[in-house]
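Asks: The structure that follows is given in the form of C-alpha cells.
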Amino acid sequence: MPDAGRVIAGTARGTRLAAAGAGTRSLGDRVKQTLFAILEPSLPGRRTLDLFAGSGAAGIEALSRGSTGAVFVDQDADAVRAIRENLERCRFDGPARIVRADVLAWLERDGVREAAAGRFGLIMVDPPYDRPDILRAVLDRLGAASSADLLAPDALVVAKSFWRDAPPAEVGLLASERTRRFGETALTIYRRREAPTREA
C-alpha cells in the first residue's frame, strides 16, 4: 500500500502511514506540521472528528498529540482499510472508531448521537477538491445552531480546500480565525461561536 507520510509529533512520532488509495490526497507532512503547531494547545482532553478521513492522518496526528479519542468517517472501503491499518501501526485502536458512511448522511443521522460519548473539540473536513459544494454543505451543517450538541464550546473546525475554492469567512456559527495556503491547498480554521441569546 502506498505511503501517506508520517506522524509528525507526539506518542506515535515517526510512524509511517499507509495511504488510502490513488484517488485521495493525503495531508502532507509540511501541512500537518504547520497546522498542528496551531492546533496542539487545544487538543488535550478533547475528541476529534475526522470527516472524509482518507488515510486517517489528521485524526491520528491529533491522537498522537493528546486528543482523547477520534471518530473517522469515510465511505470508501480502501480508506477504511488504510485507517484501520494506520491505527494498528500507531496502537491507537482503543480510543478510535471508524465509520464507513457518507459524511453528510452520517452527520444528519448519527452525528449528535455519536457526541453523547463527548462532544468534539476538533473537526477536520477534507472532501474532494472538485466538490466545493460538499465542503459548504458540511460547514453549513456544523455551523447550524442545531449542531450545538455535536461541537464542544470553542470547538475548532478545519476545512481543507483547493485555494481558489476556499470557503467563506463565516458559515452560520462558524467564524474563520485564520487561513493558510500551501501551494494549491488552503486551510481555513474556524471557531464555533455561541448562538446569540434571544431577547424576551
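FYI, nothing fancy with the C-alpha cells labels: chains A, B, ... in order, residues from 1 per chain, ligands from 1 as they appear.
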Using DSSP on the backbone, list every residue of region 99-151 of chain A that comes out as strand (DSSP E or B), and give them as JSON, numbers by chain.
Replies: {"A": [99, 100, 120, 121, 122, 123, 124, 125, 151]}
Asks: For the selection you just gave me, I'd like the residues written to a file as a PDB file, in the first residue's frame, keeping N, CA, C and O atoms.
Replies:
```
ATOM      1  N   VAL A  99     -16.035   4.752  10.971  1.00  0.00           N
ATOM      2  CA  VAL A  99     -17.390   4.632  10.450  1.00  0.00           C
ATOM      3  C   VAL A  99     -17.316   4.702   8.929  1.00  0.00           C
ATOM      4  O   VAL A  99     -16.796   5.679   8.377  1.00  0.00           O
ATOM      5  N   ARG A 100     -17.832   3.674   8.264  1.00  0.00           N
ATOM      6  CA  ARG A 100     -17.926   3.725   6.801  1.00  0.00           C
ATOM      7  C   ARG A 100     -19.308   4.257   6.445  1.00  0.00           C
ATOM      8  O   ARG A 100     -20.320   3.563   6.623  1.00  0.00           O
ATOM      9  N   PHE A 120     -17.175  17.033  20.273  1.00  0.00           N
ATOM     10  CA  PHE A 120     -15.917  17.111  19.546  1.00  0.00           C
ATOM     11  C   PHE A 120     -15.307  18.505  19.657  1.00  0.00           C
ATOM     12  O   PHE A 120     -15.959  19.507  19.393  1.00  0.00           O
ATOM     13  N   GLY A 121     -14.019  18.545  20.023  1.00  0.00           N
ATOM     14  CA  GLY A 121     -13.302  19.804  20.132  1.00  0.00           C
ATOM     15  C   GLY A 121     -12.552  20.174  18.869  1.00  0.00           C
ATOM     16  O   GLY A 121     -12.161  21.325  18.687  1.00  0.00           O
ATOM     17  N   LEU A 122     -12.331  19.184  17.988  1.00  0.00           N
ATOM     18  CA  LEU A 122     -11.674  19.421  16.702  1.00  0.00           C
ATOM     19  C   LEU A 122     -12.386  18.615  15.646  1.00  0.00           C
ATOM     20  O   LEU A 122     -12.595  17.403  15.808  1.00  0.00           O
ATOM     21  N   ILE A 123     -12.768  19.277  14.554  1.00  0.00           N
ATOM     22  CA  ILE A 123     -13.376  18.582  13.423  1.00  0.00           C
ATOM     23  C   ILE A 123     -12.585  18.938  12.169  1.00  0.00           C
ATOM     24  O   ILE A 123     -12.404  20.108  11.845  1.00  0.00           O
ATOM     25  N   MET A 124     -12.087  17.913  11.498  1.00  0.00           N
ATOM     26  CA  MET A 124     -11.354  18.073  10.250  1.00  0.00           C
ATOM     27  C   MET A 124     -12.292  17.742   9.097  1.00  0.00           C
ATOM     28  O   MET A 124     -12.966  16.708   9.115  1.00  0.00           O
ATOM     29  N   VAL A 125     -12.344  18.618   8.080  1.00  0.00           N
ATOM     30  CA  VAL A 125     -13.229  18.422   6.929  1.00  0.00           C
ATOM     31  C   VAL A 125     -12.378  18.481   5.663  1.00  0.00           C
ATOM     32  O   VAL A 125     -11.858  19.538   5.309  1.00  0.00           O
ATOM     33  N   LEU A 151     -20.621  19.863  18.774  1.00  0.00           N
ATOM     34  CA  LEU A 151     -19.363  20.577  18.951  1.00  0.00           C
ATOM     35  C   LEU A 151     -19.203  21.056  20.389  1.00  0.00           C
ATOM     36  O   LEU A 151     -20.145  21.595  20.984  1.00  0.00           O
TER      37      LEU A 151
END
```
Asks: Could you list, as a short mmCIF file (atom, residue, chain, number, x, y, z; two decimals) with all heavy atoms, in the first residue's frame, every residue within 12 Å of Gly54 (chain A), counting only C-alpha atoms and ignoring same-chain residues fewer than 2 positions away?
Replies:
```cif
data_model
loop_
_atom_site.label_atom_id
_atom_site.label_comp_id
_atom_site.auth_asym_id
_atom_site.auth_seq_id
_atom_site.Cartn_x
_atom_site.Cartn_y
_atom_site.Cartn_z
N ALA A 4 1.58 7.44 3.08
CA ALA A 4 0.86 8.70 3.29
C ALA A 4 1.59 9.60 4.28
O ALA A 4 0.96 10.34 5.04
CB ALA A 4 -0.56 8.42 3.78
N LEU A 17 2.60 6.07 7.64
CA LEU A 17 1.17 5.80 7.46
C LEU A 17 0.89 5.29 6.05
O LEU A 17 1.45 5.79 5.08
CB LEU A 17 0.36 7.07 7.71
CG LEU A 17 0.50 7.69 9.10
CD1 LEU A 17 -0.28 9.00 9.17
CD2 LEU A 17 0.03 6.73 10.18
N ALA A 18 0.00 4.32 5.97
CA ALA A 18 -0.42 3.79 4.67
C ALA A 18 -1.42 4.75 4.04
O ALA A 18 -2.27 5.33 4.72
CB ALA A 18 -1.07 2.41 4.85
N ALA A 19 -1.33 4.93 2.73
CA ALA A 19 -2.26 5.81 2.02
C ALA A 19 -3.57 5.08 1.73
O ALA A 19 -3.63 3.85 1.71
CB ALA A 19 -1.63 6.29 0.72
N ALA A 20 -4.62 5.88 1.51
CA ALA A 20 -5.95 5.30 1.29
C ALA A 20 -6.15 4.83 -0.14
O ALA A 20 -7.05 4.05 -0.41
CB ALA A 20 -7.02 6.32 1.66
N GLY A 21 -5.35 5.32 -1.08
CA GLY A 21 -5.52 4.92 -2.47
C GLY A 21 -5.19 6.07 -3.40
O GLY A 21 -4.99 7.21 -2.99
N ALA A 22 -5.19 5.78 -4.70
CA ALA A 22 -4.77 6.77 -5.69
C ALA A 22 -5.70 7.96 -5.78
O ALA A 22 -5.29 9.04 -6.19
CB ALA A 22 -4.65 6.10 -7.06
N GLY A 23 -6.96 7.81 -5.40
CA GLY A 23 -7.91 8.89 -5.55
C GLY A 23 -7.98 9.86 -4.40
O GLY A 23 -8.83 10.75 -4.39
N THR A 24 -7.13 9.70 -3.40
CA THR A 24 -7.18 10.57 -2.22
C THR A 24 -5.93 11.42 -2.12
O THR A 24 -4.85 11.05 -2.59
CB THR A 24 -7.32 9.74 -0.93
OG1 THR A 24 -6.17 8.89 -0.80
CG2 THR A 24 -8.57 8.89 -0.96
N ARG A 25 -6.07 12.59 -1.48
CA ARG A 25 -4.94 13.48 -1.24
C ARG A 25 -4.61 13.44 0.25
O ARG A 25 -5.41 13.88 1.08
CB ARG A 25 -5.30 14.93 -1.60
CG ARG A 25 -5.46 15.21 -3.06
CD ARG A 25 -5.89 16.65 -3.25
NE ARG A 25 -6.10 16.95 -4.66
CZ ARG A 25 -5.16 17.42 -5.47
NH1 ARG A 25 -3.96 17.65 -5.01
NH2 ARG A 25 -5.44 17.67 -6.74
N SER A 26 -3.44 12.91 0.58
CA SER A 26 -3.05 12.85 1.98
C SER A 26 -2.65 14.24 2.48
O SER A 26 -2.22 15.09 1.71
CB SER A 26 -1.88 11.88 2.17
OG SER A 26 -2.25 10.57 1.79
N LEU A 27 -2.82 14.44 3.77
CA LEU A 27 -2.37 15.68 4.40
C LEU A 27 -0.86 15.61 4.49
O LEU A 27 -0.31 14.81 5.24
CB LEU A 27 -3.00 15.79 5.79
CG LEU A 27 -2.98 17.15 6.49
CD1 LEU A 27 -3.81 18.16 5.71
CD2 LEU A 27 -3.52 17.01 7.90
N ASP A 50 -12.81 13.23 12.30
CA ASP A 50 -12.09 13.32 11.03
C ASP A 50 -13.04 12.91 9.91
O ASP A 50 -13.34 11.72 9.73
CB ASP A 50 -10.86 12.40 11.08
CG ASP A 50 -9.86 12.66 9.96
OD1 ASP A 50 -10.20 13.42 9.02
OD2 ASP A 50 -8.75 12.10 10.01
N LEU A 51 -13.55 13.92 9.17
CA LEU A 51 -14.53 13.68 8.12
C LEU A 51 -13.85 13.62 6.75
O LEU A 51 -12.95 14.41 6.49
CB LEU A 51 -15.58 14.80 8.13
CG LEU A 51 -16.36 14.98 9.43
CD1 LEU A 51 -17.30 16.18 9.35
CD2 LEU A 51 -17.15 13.72 9.77
N PHE A 52 -14.30 12.70 5.89
CA PHE A 52 -13.59 12.39 4.64
C PHE A 52 -12.16 12.01 5.02
O PHE A 52 -11.19 12.57 4.51
CB PHE A 52 -13.60 13.57 3.68
CG PHE A 52 -14.98 14.14 3.42
CD1 PHE A 52 -15.43 15.24 4.13
CD2 PHE A 52 -15.82 13.59 2.46
CE1 PHE A 52 -16.69 15.78 3.90
CE2 PHE A 52 -17.08 14.12 2.23
CZ PHE A 52 -17.52 15.22 2.94
N GLY A 56 -6.68 8.74 7.42
CA GLY A 56 -6.81 8.99 8.85
C GLY A 56 -5.67 9.81 9.43
O GLY A 56 -5.56 9.96 10.65
N ALA A 57 -4.83 10.38 8.56
CA ALA A 57 -3.62 11.07 9.03
C ALA A 57 -3.92 12.21 9.99
O ALA A 57 -3.20 12.41 10.98
CB ALA A 57 -2.82 11.59 7.84
N ALA A 58 -4.98 12.98 9.72
CA ALA A 58 -5.28 14.13 10.58
C ALA A 58 -5.73 13.68 11.96
O ALA A 58 -5.22 14.16 12.99
CB ALA A 58 -6.34 15.01 9.94
N GLY A 59 -6.68 12.75 12.00
CA GLY A 59 -7.15 12.27 13.30
C GLY A 59 -6.08 11.56 14.09
O GLY A 59 -6.01 11.67 15.33
N ILE A 60 -5.22 10.82 13.40
CA ILE A 60 -4.12 10.12 14.07
C ILE A 60 -3.11 11.11 14.63
O ILE A 60 -2.61 10.93 15.75
CB ILE A 60 -3.46 9.11 13.11
CG1 ILE A 60 -4.42 7.92 12.91
CG2 ILE A 60 -2.10 8.65 13.62
CD1 ILE A 60 -4.01 6.96 11.82
N PHE A 72 -13.44 8.46 12.83
CA PHE A 72 -13.05 8.62 11.44
C PHE A 72 -14.23 8.23 10.55
O PHE A 72 -14.75 7.12 10.69
CB PHE A 72 -11.85 7.74 11.10
CG PHE A 72 -10.63 8.00 11.94
CD1 PHE A 72 -10.49 7.43 13.20
CD2 PHE A 72 -9.61 8.81 11.46
CE1 PHE A 72 -9.36 7.67 13.97
CE2 PHE A 72 -8.48 9.06 12.22
CZ PHE A 72 -8.36 8.49 13.48
N VAL A 73 -14.66 9.13 9.66
CA VAL A 73 -15.79 8.85 8.79
C VAL A 73 -15.36 8.96 7.33
O VAL A 73 -14.84 10.00 6.91
CB VAL A 73 -16.97 9.81 9.06
CG1 VAL A 73 -18.18 9.42 8.20
CG2 VAL A 73 -17.35 9.82 10.53
N ASP A 74 -15.57 7.89 6.57
CA ASP A 74 -15.28 7.89 5.14
C ASP A 74 -16.12 6.77 4.53
O ASP A 74 -16.32 5.73 5.16
CB ASP A 74 -13.79 7.65 4.87
CG ASP A 74 -13.35 8.15 3.50
OD1 ASP A 74 -13.85 7.63 2.49
OD2 ASP A 74 -12.52 9.08 3.45
N GLN A 75 -16.61 6.99 3.31
CA GLN A 75 -17.43 5.97 2.68
C GLN A 75 -16.65 5.01 1.80
O GLN A 75 -17.21 4.02 1.32
CB GLN A 75 -18.55 6.62 1.87
CG GLN A 75 -18.10 7.39 0.64
CD GLN A 75 -19.26 7.96 -0.15
OE1 GLN A 75 -20.42 7.65 0.12
NE2 GLN A 75 -18.97 8.80 -1.12
N ASP A 76 -15.36 5.25 1.59
CA ASP A 76 -14.55 4.44 0.69
C ASP A 76 -13.95 3.24 1.44
O ASP A 76 -13.35 3.40 2.51
CB ASP A 76 -13.43 5.29 0.09
CG ASP A 76 -12.61 4.51 -0.92
OD1 ASP A 76 -13.10 4.29 -2.04
OD2 ASP A 76 -11.50 4.09 -0.56
N ALA A 77 -14.10 2.06 0.87
CA ALA A 77 -13.61 0.85 1.52
C ALA A 77 -12.09 0.86 1.67
O ALA A 77 -11.56 0.41 2.70
CB ALA A 77 -14.04 -0.39 0.72
N ASP A 78 -11.36 1.37 0.66
CA ASP A 78 -9.90 1.43 0.76
C ASP A 78 -9.47 2.37 1.89
O ASP A 78 -8.49 2.12 2.60
CB ASP A 78 -9.29 1.90 -0.56
CG ASP A 78 -9.37 0.84 -1.65
OD1 ASP A 78 -9.49 -0.35 -1.31
OD2 ASP A 78 -9.32 1.20 -2.83
N ALA A 79 -10.20 3.47 2.05
CA ALA A 79 -9.89 4.40 3.14
C ALA A 79 -10.09 3.74 4.49
O ALA A 79 -9.25 3.87 5.39
CB ALA A 79 -10.77 5.65 3.02
N VAL A 80 -11.17 3.01 4.64
CA VAL A 80 -11.45 2.33 5.91
C VAL A 80 -10.34 1.34 6.23
O VAL A 80 -9.86 1.25 7.38
CB VAL A 80 -12.82 1.64 5.87
CG1 VAL A 80 -13.00 0.69 7.05
CG2 VAL A 80 -13.93 2.69 5.85
N ARG A 81 -9.89 0.59 5.23
CA ARG A 81 -8.79 -0.36 5.45
C ARG A 81 -7.52 0.36 5.85
O ARG A 81 -6.78 -0.08 6.74
CB ARG A 81 -8.56 -1.20 4.18
CG ARG A 81 -9.58 -2.30 3.98
CD ARG A 81 -9.14 -3.28 2.90
NE ARG A 81 -9.20 -2.66 1.57
CZ ARG A 81 -10.27 -2.73 0.79
NH1 ARG A 81 -11.37 -3.34 1.19
NH2 ARG A 81 -10.25 -2.17 -0.42
N ALA A 82 -7.21 1.48 5.18
CA ALA A 82 -6.00 2.24 5.49
C ALA A 82 -6.06 2.80 6.91
O ALA A 82 -5.06 2.76 7.65
CB ALA A 82 -5.80 3.37 4.48
N ILE A 83 -7.19 3.35 7.29
CA ILE A 83 -7.33 3.90 8.65
C ILE A 83 -7.11 2.80 9.67
O ILE A 83 -6.39 2.98 10.67
CB ILE A 83 -8.71 4.55 8.83
CG1 ILE A 83 -8.88 5.76 7.92
CG2 ILE A 83 -8.90 4.98 10.29
CD1 ILE A 83 -10.31 6.23 7.78
N ARG A 84 -7.74 1.65 9.46
CA ARG A 84 -7.60 0.54 10.41
C ARG A 84 -6.13 0.13 10.54
O ARG A 84 -5.61 -0.07 11.65
CB ARG A 84 -8.46 -0.64 9.96
CG ARG A 84 -8.46 -1.79 10.96
CD ARG A 84 -9.44 -2.88 10.53
NE ARG A 84 -10.82 -2.38 10.60
CZ ARG A 84 -11.60 -2.22 9.54
NH1 ARG A 84 -11.16 -2.50 8.33
NH2 ARG A 84 -12.83 -1.78 9.69
N ASN A 86 -3.47 1.96 9.88
CA ASN A 86 -2.68 3.04 10.49
C ASN A 86 -2.91 3.12 12.00
O ASN A 86 -1.98 3.40 12.77
CB ASN A 86 -3.01 4.36 9.81
CG ASN A 86 -2.44 4.43 8.40
OD1 ASN A 86 -1.43 3.79 8.10
ND2 ASN A 86 -3.09 5.18 7.53
N ILE A 98 -13.98 3.80 13.63
CA ILE A 98 -14.08 4.03 12.19
C ILE A 98 -15.51 3.80 11.74
O ILE A 98 -16.13 2.79 12.10
CB ILE A 98 -13.14 3.09 11.41
CG1 ILE A 98 -11.70 3.18 11.94
CG2 ILE A 98 -13.17 3.42 9.92
CD1 ILE A 98 -10.79 2.09 11.40
N VAL A 99 -16.04 4.75 10.97
CA VAL A 99 -17.39 4.63 10.45
C VAL A 99 -17.32 4.70 8.93
O VAL A 99 -16.80 5.68 8.38
CB VAL A 99 -18.30 5.77 10.97
CG1 VAL A 99 -19.69 5.64 10.37
CG2 VAL A 99 -18.35 5.77 12.49
N ARG A 100 -17.83 3.67 8.26
CA ARG A 100 -17.93 3.72 6.80
C ARG A 100 -19.31 4.26 6.45
O ARG A 100 -20.32 3.56 6.62
CB ARG A 100 -17.69 2.35 6.18
CG ARG A 100 -17.66 2.44 4.65
CD ARG A 100 -17.46 1.10 3.99
NE ARG A 100 -17.48 1.27 2.53
CZ ARG A 100 -17.50 0.28 1.66
NH1 ARG A 100 -17.49 -0.98 2.08
NH2 ARG A 100 -17.54 0.53 0.37
N MET A 124 -12.09 17.91 11.50
CA MET A 124 -11.35 18.07 10.25
C MET A 124 -12.29 17.74 9.10
O MET A 124 -12.97 16.71 9.12
CB MET A 124 -10.15 17.13 10.21
CG MET A 124 -9.17 17.30 11.36
SD MET A 124 -8.26 18.85 11.31
CE MET A 124 -7.44 18.71 9.72
N VAL A 125 -12.34 18.62 8.08
CA VAL A 125 -13.23 18.42 6.93
C VAL A 125 -12.38 18.48 5.66
O VAL A 125 -11.86 19.54 5.31
CB VAL A 125 -14.34 19.50 6.88
CG1 VAL A 125 -15.35 19.15 5.79
CG2 VAL A 125 -15.03 19.64 8.24
N ASP A 126 -12.24 17.35 4.97
CA ASP A 126 -11.33 17.27 3.83
C ASP A 126 -11.98 16.53 2.66
O ASP A 126 -11.56 15.42 2.29
CB ASP A 126 -10.05 16.55 4.28
CG ASP A 126 -8.98 16.53 3.20
OD1 ASP A 126 -9.17 17.18 2.14
OD2 ASP A 126 -7.96 15.83 3.39
N PRO A 127 -13.02 17.12 2.04
CA PRO A 127 -13.69 16.46 0.91
C PRO A 127 -12.86 16.57 -0.35
O PRO A 127 -11.85 17.28 -0.38
CB PRO A 127 -14.99 17.25 0.78
CG PRO A 127 -14.62 18.62 1.24
CD PRO A 127 -13.62 18.43 2.35
N PRO A 128 -13.26 15.88 -1.43
CA PRO A 128 -12.53 16.01 -2.70
C PRO A 128 -12.48 17.46 -3.17
O PRO A 128 -13.44 18.21 -3.02
CB PRO A 128 -13.37 15.15 -3.67
CG PRO A 128 -14.09 14.19 -2.78
CD PRO A 128 -14.36 14.92 -1.51
#
```
Asks: I want to know what sits within 8 Å of Asp29 (chain A), based on only C-alpha atoms, with residues of the same chain fewer than 3 positions away left out; could you give that as a PyMOL selection string?
Replies: chain A and resi 5-8+32-33
Asks: Could you write out the selected residues, including N, CA and C atoms, as a compact mmCIF listing (two decimals), in the first residue's frame?
Replies:
```txt
# COMPACT_ATOMS: atom_id res chain seq x y z
N GLY A 5 2.91 9.53 4.27
CA GLY A 5 3.67 10.38 5.18
C GLY A 5 3.84 9.74 6.55
N ARG A 6 4.07 10.56 7.54
CA ARG A 6 4.37 10.05 8.88
C ARG A 6 3.66 10.89 9.93
N VAL A 7 3.60 10.35 11.13
CA VAL A 7 3.11 11.12 12.27
C VAL A 7 4.23 12.07 12.68
N ILE A 8 3.91 13.36 12.78
CA ILE A 8 4.94 14.37 12.98
C ILE A 8 5.45 14.45 14.41
N LYS A 32 0.80 19.22 7.83
CA LYS A 32 0.49 18.70 9.17
C LYS A 32 1.32 19.42 10.23
N GLN A 33 2.61 19.60 9.95
CA GLN A 33 3.49 20.23 10.92
C GLN A 33 3.02 21.64 11.26
```
Asks: Quick one: residues within 12 Å of Ala152 (chain A), only C-alpha atoms, excluding same-chain residues fewer than 2 positions away - as a PyMOL selection string?
Replies: chain A and resi 42-43+45-49+112+115-123+142+147-150+154-157+191-194
Asks: Go through chain A and collect every residue that DSSP, computed from the backbone, puts in helix (DSSP H, G or I); the answer should be as JSON, numbers by chain.
Replies: {"A": [29, 30, 31, 32, 33, 34, 35, 36, 37, 38, 39, 40, 41, 42, 57, 58, 59, 60, 61, 62, 63, 64, 77, 78, 79, 80, 81, 82, 83, 84, 85, 86, 87, 88, 89, 90, 103, 104, 105, 106, 107, 108, 109, 110, 111, 112, 113, 114, 115, 116, 117, 132, 133, 134, 135, 136, 137, 138, 139, 140, 141, 142, 143, 145, 146, 147, 163, 164, 165]}
Asks: Can you tell me which residues surround Arg131 (chain A) at a distance of at most 12 Å, considering only C-alpha atoms, apart from same-chain residues fewer than 2 positions away, and format the answer as a list in words?
Replies: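 What passes the distance filter is Phe52, Asp126, Pro127, Pro128, Tyr129, Asp133, Ile134, Leu135, Arg136, Ala137, Val138, Lys160, Ser161, Phe162, Asp165, Ala166 and Pro167 of chain A.
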Asks: Using the selection just defined, write its residues with N, CA and C atoms as a JSON list (two decimals), in the first residue's frame.
Replies:
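Wrote it out as again_35.json, contents follow:
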```json
[["chain", "number", "residue", "atom", "x", "y", "z"],
["A", 52, "PHE", "N", -14.30, 12.70, 5.89],
["A", 52, "PHE", "CA", -13.59, 12.39, 4.64],
["A", 52, "PHE", "C", -12.16, 12.01, 5.02],
["A", 126, "ASP", "N", -12.24, 17.35, 4.97],
["A", 126, "ASP", "CA", -11.33, 17.27, 3.83],
["A", 126, "ASP", "C", -11.98, 16.53, 2.66],
["A", 127, "PRO", "N", -13.02, 17.12, 2.04],
["A", 127, "PRO", "CA", -13.69, 16.46, 0.91],
["A", 127, "PRO", "C", -12.86, 16.57, -0.35],
["A", 128, "PRO", "N", -13.26, 15.88, -1.43],
["A", 128, "PRO", "CA", -12.53, 16.01, -2.70],
["A", 128, "PRO", "C", -12.48, 17.46, -3.17],
["A", 129, "TYR", "N", -11.35, 17.86, -3.74],
["A", 129, "TYR", "CA", -11.17, 19.24, -4.20],
["A", 129, "TYR", "C", -12.21, 19.64, -5.24],
["A", 133, "ASP", "N", -19.02, 22.13, -3.23],
["A", 133, "ASP", "CA", -20.40, 22.14, -2.76],
["A", 133, "ASP", "C", -20.57, 21.24, -1.54],
["A", 134, "ILE", "N", -19.86, 20.12, -1.52],
["A", 134, "ILE", "CA", -19.94, 19.22, -0.37],
["A", 134, "ILE", "C", -19.29, 19.87, 0.84],
["A", 135, "LEU", "N", -18.14, 20.51, 0.65],
["A", 135, "LEU", "CA", -17.50, 21.21, 1.75],
["A", 135, "LEU", "C", -18.45, 22.23, 2.35],
["A", 136, "ARG", "N", -19.10, 23.04, 1.52],
["A", 136, "ARG", "CA", -20.00, 24.06, 2.02],
["A", 136, "ARG", "C", -21.20, 23.43, 2.75],
["A", 137, "ALA", "N", -21.71, 22.33, 2.22],
["A", 137, "ALA", "CA", -22.85, 21.67, 2.85],
["A", 137, "ALA", "C", -22.48, 21.15, 4.24],
["A", 138, "VAL", "N", -21.28, 20.59, 4.37],
["A", 138, "VAL", "CA", -20.84, 20.09, 5.68],
["A", 138, "VAL", "C", -20.63, 21.26, 6.65],
["A", 160, "LYS", "N", -10.27, 21.92, 4.59],
["A", 160, "LYS", "CA", -9.21, 21.85, 3.58],
["A", 160, "LYS", "C", -9.85, 21.96, 2.21],
["A", 161, "SER", "N", -9.28, 22.81, 1.37],
["A", 161, "SER", "CA", -9.89, 23.05, 0.06],
["A", 161, "SER", "C", -8.82, 23.41, -0.97],
["A", 162, "PHE", "N", -9.22, 23.41, -2.23],
["A", 162, "PHE", "CA", -8.39, 23.98, -3.28],
["A", 162, "PHE", "C", -8.38, 25.49, -3.06],
["A", 165, "ASP", "N", -11.09, 27.78, -4.23],
["A", 165, "ASP", "CA", -12.44, 27.48, -3.76],
["A", 165, "ASP", "C", -12.55, 27.56, -2.23],
["A", 166, "ALA", "N", -11.73, 28.38, -1.63],
["A", 166, "ALA", "CA", -11.76, 28.50, -0.17],
["A", 166, "ALA", "C", -13.15, 28.92, 0.30],
["A", 167, "PRO", "N", -13.66, 28.34, 1.38],
["A", 167, "PRO", "CA", -15.00, 28.67, 1.87],
["A", 167, "PRO", "C", -15.05, 30.06, 2.47]]
```
Asks: In Å, how far is it from CA of Val103 (chain A) to CA of Thr188 (chain A)?
Replies: 19.0 Å
Asks: Name the residues in contact with Arg30 (chain A) at a cut-off of 9 Å, using only C-alpha atoms, excluding same-chain residues fewer than 4 positions from it; report them as number ranges by chain.
Replies: A: 34-35, 182
Asks: Kindly give the distance, in Å, that separates CA of Ala175 (chain A) and CA of Ile38 (chain A), rounded to a single decimal.
Replies: 16.4 Å
Asks: Closest to Leu107 (chain A) among A:Ala186, A:Arg89, A:Asp140, A:Thr15, using only C-alpha atoms?
Replies: A:Asp140
Asks: Point out the residue among A:Pro95, A:Gly183, A:Gly66, A:Pro41 with the least atom-to-atom distance to Gly28 (chain A), counting only C-alpha atoms.
Replies: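 Closest residue, counting only C-alpha atoms: A:Gly183.
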